[in-house]
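S.K.: Sharing a structure with you now.
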Amino acid sequence: MFICRRLLQLGALSALLAGCSTTAPTAPNSLATPSVAASGNTAIRIGPSTPTPGSELPDDAPATLTATGALRPEVRTFVEELAAERNLPLDPMVKALESSRYNATVSRLIAPAPPGKKIWRSWLTYRSRFVEPKRIGWGVDFYNENRDLLNQAAQRFGVPAPIIASIIGVETLYGRNMGNFRVLDALATLAFDYPDPNKPERATMFRGQLGDFLTLVMKDKLELETRGSYAGAIGMPQFMPTSIMHYAVDGDDNGHIDLTNNTQDAIMSVGSFLAQHGWQRGLPVFAPVVLPADPTALVDGGLEPKQSWSTLSAAGSRLQPGASVTGWGSQPLGVVDLVEEARGTAQYRVGTPNFFALTKYNRSYFYATSVADLAAEIEARVNR
């Protein structure tokens with residue numbers, strides 16, 4: 001749920017921490033080595049097992065050290081301030097950072113596209129990557145294997161079981177592709193050598209993630225050698241360290257949160273994230289509305305719903321055949337455009353607050369709609 005245009009991987013962050021632009025399509029992380037799912041499914045290779053060196057800096061060189069072997073001044077300042085602000089032991093964090101390695105693959109994957117190269121957004125192409133037979137079939141299997149856990153999460157957080165299963169399916173193929181990058185290396189690379197100097201706020205954001213990762217390590221909540229995506233997302237739901245700190249849940253009450261190996265923790269944590277980002281129990285993701293022939297003027301492209309049913313109906317919208325105005329009718333709504341840029345066309349839907357809660361997981365209309373559509377396919381099959 002996170003870094004724009006090139007990946008789907010980063011799981012759960014709000015606002016800036018979500019990372020992706022509003023409707024930019026994302027794609028699966030084809031460079032992450034899959035892990036074995038907690039359910040025992042055989043791992044499926046999705047890409048190379050080791051990163052390919054790039055040309056930016058020597059791959060596997062120390063990420064935070066000067067030529068003399070001391071921490072770079074900005075790194076030293078960072079870790080000293082972190083230790084003081086959070087009352088953490090300085091020496092172990094210094095040693096951890098000294099062990100971090102620059103990863104050129106991480107830098108290359110995060111870097112912006114070459115100038116002049118147009119990336120055409122296509123909803124149909126994007127959807128076909130995630131709402132497809134194999135992912136649907138695995139989703140049904142995941143649902144059936146974890147039905148009780150999913151229903152417990154739905155009862156606790158109000159998020160439907162198919163939605164939770166769908167997010168885990170979109171993020172990591174139900175735990176099959178959780179990434180094989182050392183999170184410390186990925187975050188140190190992006191925190192101190194971010195490849196786009198025109199976006200200093202991104203380096204600042206990754207320094208925050210690195211600080212939270214080190215905090216979790218120092219508090220014995222994560223291992224220093226934790227593996228994840230090339231942007232530092234962890235586990236089945238692909239939570240960034242900040243999201244682990246704020247939204248992850250100890251689903252089985254064993255005193256430890258493990259999003260990589262513990263399916264119950266992962267399921268409950270997805271429900272927790274969405275509930276804390278505005279998910280409303282009982283609301284659909286989309287309102288059953290037929291928009292006017294040209295709804296372009298009703299689209300604002302934002303990540304918060306600002307329309308009302310009365311405004312939409314005054315503009316020519318009507319209910320779908322057989323539908324009625326229920327709880328969604330009193331909620332703020334948003335018109336969602338799912339574009340085919342090369343064709344100059346778009347599909348339109350009306351999102352409820354629950355649609356916009358999904359965009360807090362990944363700031364993309366394409367992502368949120370794919371999650372909803374995959375969930376609908378899974379639900380249709382498990383209820384047959």
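Going by the structure tokens order, chains are called A, B, ..., each with residues numbered from 1, while ligands are numbered from 1 in the order shown.
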Which parts of region 132-304 of chain A does DSSP call alpha helix (DSSP H) when run on the backbone here, written out as a ChimeraX atom specification?
M.R.: /A:133-145,147-157,161-172,183-192,200-218,241-247,263-275
S.K.: Give me, as a PyMOL selection string, all polymer residues having an atom no more than 12 Å from Leu283 (chain A), counting only C-alpha atoms and skipping those fewer than 4 positions away in the same chain.
M.R.: chain A and resi 158-160+278-279+287-288+325-333+351-357
S.K.: I'd like the contact shell of Asn103 (chain A) - 7 Å cut-off, only C-alpha atoms, skipping same-chain residues fewer than 5 positions apart - returned as a PyMOL selection string.
M.R.: chain A and resi 59-60+185-186+189
S.K.: With 12 Å as the cut-off and only C-alpha atoms counted, what is the closest atom pair between each nearby residue of region 278-302 of chain A and region 373-377 of chain A? Distances in Å to one decimal, ordered by chain and number, as JSON lines.
M.R.:
{"residue": "A:Pro284", "atom": "CA", "partner": "A:Ala376", "partner_atom": "CA", "distance": 11.1}
{"residue": "A:Val285", "atom": "CA", "partner": "A:Asp373", "partner_atom": "CA", "distance": 9.8}
{"residue": "A:Phe286", "atom": "CA", "partner": "A:Asp373", "partner_atom": "CA", "distance": 10.5}
S.K.: Limited to N, CA, C and O atoms, could you put the picked residues into a file as a PDB file, in the first residue's frame?
M.R.:
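Output saved as again.pdb:
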ATOM      1  N   PRO A 284     -22.071   0.194   2.314  1.00  0.00           N
ATOM      2  CA  PRO A 284     -21.405  -0.413   1.157  1.00  0.00           C
ATOM      3  C   PRO A 284     -20.183   0.419   0.777  1.00  0.00           C
ATOM      4  O   PRO A 284     -19.994   1.543   1.272  1.00  0.00           O
ATOM      5  N   VAL A 285     -19.361  -0.114  -0.102  1.00  0.00           N
ATOM      6  CA  VAL A 285     -18.219   0.661  -0.626  1.00  0.00           C
ATOM      7  C   VAL A 285     -18.706   1.659  -1.668  1.00  0.00           C
ATOM      8  O   VAL A 285     -18.236   2.801  -1.720  1.00  0.00           O
ATOM      9  N   PHE A 286     -19.654   1.225  -2.491  1.00  0.00           N
ATOM     10  CA  PHE A 286     -20.212   2.085  -3.532  1.00  0.00           C
ATOM     11  C   PHE A 286     -21.716   2.236  -3.314  1.00  0.00           C
ATOM     12  O   PHE A 286     -22.400   1.280  -2.961  1.00  0.00           O
TER      13      PHE A 286
END
S.K.: Excluding region 291-298 of chain A and its own-chain neighbours fewer than 2 positions away, which residues fall within 9 Å of it when counting only C-alpha atoms? Please give them as a PyMOL selection string.
M.R.: chain A and resi 289+300+307+312-313+315-319+334-337+348-350
S.K.: Write the residues of the preceding selection, restricted to N, CA and C atoms, as a JSON list (two decimals), in the first residue's frame.
M.R.:
[["chain", "number", "residue", "atom", "x", "y", "z"],
["A", 289, "VAL", "N", -25.96, 3.95, -7.39],
["A", 289, "VAL", "CA", -26.39, 5.18, -8.08],
["A", 289, "VAL", "C", -26.00, 5.10, -9.55],
["A", 300, "ASP", "N", -13.89, 15.41, -8.24],
["A", 300, "ASP", "CA", -12.87, 16.35, -7.79],
["A", 300, "ASP", "C", -11.51, 15.69, -7.60],
["A", 307, "GLN", "N", -19.49, 15.24, -1.80],
["A", 307, "GLN", "CA", -20.81, 15.40, -2.40],
["A", 307, "GLN", "C", -21.89, 14.90, -1.43],
["A", 312, "LEU", "N", -26.12, 15.11, -5.88],
["A", 312, "LEU", "CA", -25.99, 14.20, -7.02],
["A", 312, "LEU", "C", -27.33, 14.01, -7.72],
["A", 313, "SER", "N", -28.38, 13.87, -6.96],
["A", 313, "SER", "CA", -29.69, 13.68, -7.59],
["A", 313, "SER", "C", -30.12, 14.94, -8.33],
["A", 315, "ALA", "N", -28.19, 16.83, -9.86],
["A", 315, "ALA", "CA", -27.38, 16.88, -11.08],
["A", 315, "ALA", "C", -27.80, 15.83, -12.09],
["A", 316, "GLY", "N", -28.84, 15.04, -11.78],
["A", 316, "GLY", "CA", -29.34, 14.06, -12.74],
["A", 316, "GLY", "C", -29.06, 12.62, -12.39],
["A", 317, "SER", "N", -28.49, 12.36, -11.22],
["A", 317, "SER", "CA", -28.24, 10.99, -10.80],
["A", 317, "SER", "C", -29.55, 10.35, -10.32],
["A", 318, "ARG", "N", -29.59, 9.02, -10.42],
["A", 318, "ARG", "CA", -30.79, 8.29, -9.98],
["A", 318, "ARG", "C", -30.36, 6.97, -9.37],
["A", 319, "LEU", "N", -31.27, 6.35, -8.67],
["A", 319, "LEU", "CA", -30.97, 5.04, -8.08],
["A", 319, "LEU", "C", -30.93, 3.97, -9.14],
["A", 334, "GLY", "N", -18.55, 10.58, -2.92],
["A", 334, "GLY", "CA", -17.58, 11.09, -3.89],
["A", 334, "GLY", "C", -17.70, 10.34, -5.20],
["A", 335, "VAL", "N", -17.64, 11.06, -6.31],
["A", 335, "VAL", "CA", -17.69, 10.44, -7.63],
["A", 335, "VAL", "C", -16.27, 10.02, -8.02],
["A", 336, "VAL", "N", -16.11, 8.75, -8.32],
["A", 336, "VAL", "CA", -14.82, 8.13, -8.60],
["A", 336, "VAL", "C", -14.67, 7.95, -10.10],
["A", 337, "ASP", "N", -13.58, 8.46, -10.67],
["A", 337, "ASP", "CA", -13.32, 8.26, -12.10],
["A", 337, "ASP", "C", -12.21, 7.23, -12.27],
["A", 348, "TYR", "N", -17.27, 5.46, -14.10],
["A", 348, "TYR", "CA", -17.57, 6.27, -12.92],
["A", 348, "TYR", "C", -18.37, 5.45, -11.92],
["A", 349, "ARG", "N", -18.06, 5.66, -10.65],
["A", 349, "ARG", "CA", -18.83, 5.06, -9.57],
["A", 349, "ARG", "C", -18.98, 6.10, -8.47],
["A", 350, "VAL", "N", -19.89, 5.83, -7.54],
["A", 350, "VAL", "CA", -20.11, 6.74, -6.42],
["A", 350, "VAL", "C", -19.61, 6.07, -5.15]]
S.K.: So how many Å separate CA of Pro321 (chain A) and CA of Ser308 (chain A), to one decimal?
M.R.: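 Result for CA of Pro321 (chain A) versus CA of Ser308 (chain A): 19.9 Å, one decimal.
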S.K.: Looking at only C-alpha atoms, which of A:Ala346, A:Ala372, A:Leu259, A:Val183 is the one that sits closest to Thr226 (chain A)?
M.R.: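 Closest residue, counting only C-alpha atoms: A:Val183.
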S.K.: How far is it from CA of Trp123 (chain A) to CA of Leu338 (chain A), in Å with one decimal?
M.R.: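 Taking CA of Trp123 (chain A) as the start and CA of Leu338 (chain A) as the end point, the length is 5.6 Å.
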S.K.: I'd like the contact shell of region 192-202 of chain A - 8 Å cut-off, only C-alpha atoms, skipping same-chain residues fewer than 6 positions apart - returned as a PyMOL selection string.
M.R.: chain A and resi 63-64+75+107-108+110-112
S.K.: Generate the output file for the selected residues, N, CA and C atoms, as a compact mmCIF listing (two decimals), in the first residue's frame.
M.R.:
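Written file, selection01.txt:
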# COMPACT_ATOMS: atom_id res chain seq x y z
N ALA A 63 25.55 1.88 4.01
CA ALA A 63 24.57 2.89 3.66
C ALA A 63 24.73 4.16 4.46
N THR A 64 25.36 4.08 5.63
CA THR A 64 25.33 5.22 6.54
C THR A 64 26.71 5.66 7.01
N VAL A 75 23.47 11.15 9.68
CA VAL A 75 23.00 9.91 10.29
C VAL A 75 23.25 9.96 11.80
N SER A 107 16.81 1.88 -4.68
CA SER A 107 16.90 3.24 -5.21
C SER A 107 16.33 3.32 -6.61
N ARG A 108 16.64 2.36 -7.44
CA ARG A 108 16.16 2.39 -8.83
C ARG A 108 14.65 2.23 -8.91
N ILE A 110 12.42 3.08 -6.70
CA ILE A 110 11.72 4.23 -6.15
C ILE A 110 11.91 5.47 -7.04
N ALA A 111 12.97 5.48 -7.83
CA ALA A 111 13.29 6.66 -8.63
C ALA A 111 12.16 7.00 -9.60
N PRO A 112 11.98 8.28 -9.93
CA PRO A 112 10.94 8.67 -10.88
C PRO A 112 11.21 8.12 -12.27
S.K.: Name the residues of region 24-269 of chain A that come out as strand (DSSP E) in a backbone DSSP run; write them as a list in words.
M.R.: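 After running DSSP on the backbone, region 24-269 of chain A has strand (DSSP E) at Phe181, Arg182, Arg227 and Gly228 of chain A.
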S.K.: Kindly save the residues from that selection, with N, CA and C atoms included, as an mmCIF file, in the first residue's frame.
M.R.:
data_model
loop_
_atom_site.group_PDB
_atom_site.id
_atom_site.type_symbol
_atom_site.label_atom_id
_atom_site.label_comp_id
_atom_site.auth_asym_id
_atom_site.auth_seq_id
_atom_site.Cartn_x
_atom_site.Cartn_y
_atom_site.Cartn_z
ATOM 1 N N PHE A 181 13.513 -8.052 0.826
ATOM 2 C CA PHE A 181 14.504 -7.027 1.069
ATOM 3 C C PHE A 181 14.681 -6.829 2.567
ATOM 4 N N ARG A 182 15.909 -6.683 3.001
ATOM 5 C CA ARG A 182 16.162 -6.351 4.406
ATOM 6 C C ARG A 182 15.605 -4.954 4.654
ATOM 7 N N ARG A 227 12.510 -8.879 6.963
ATOM 8 C CA ARG A 227 12.453 -8.714 5.509
ATOM 9 C C ARG A 227 11.101 -8.147 5.098
ATOM 10 N N GLY A 228 11.101 -7.419 3.991
ATOM 11 C CA GLY A 228 9.857 -6.842 3.501
ATOM 12 C C GLY A 228 9.999 -6.354 2.082
#
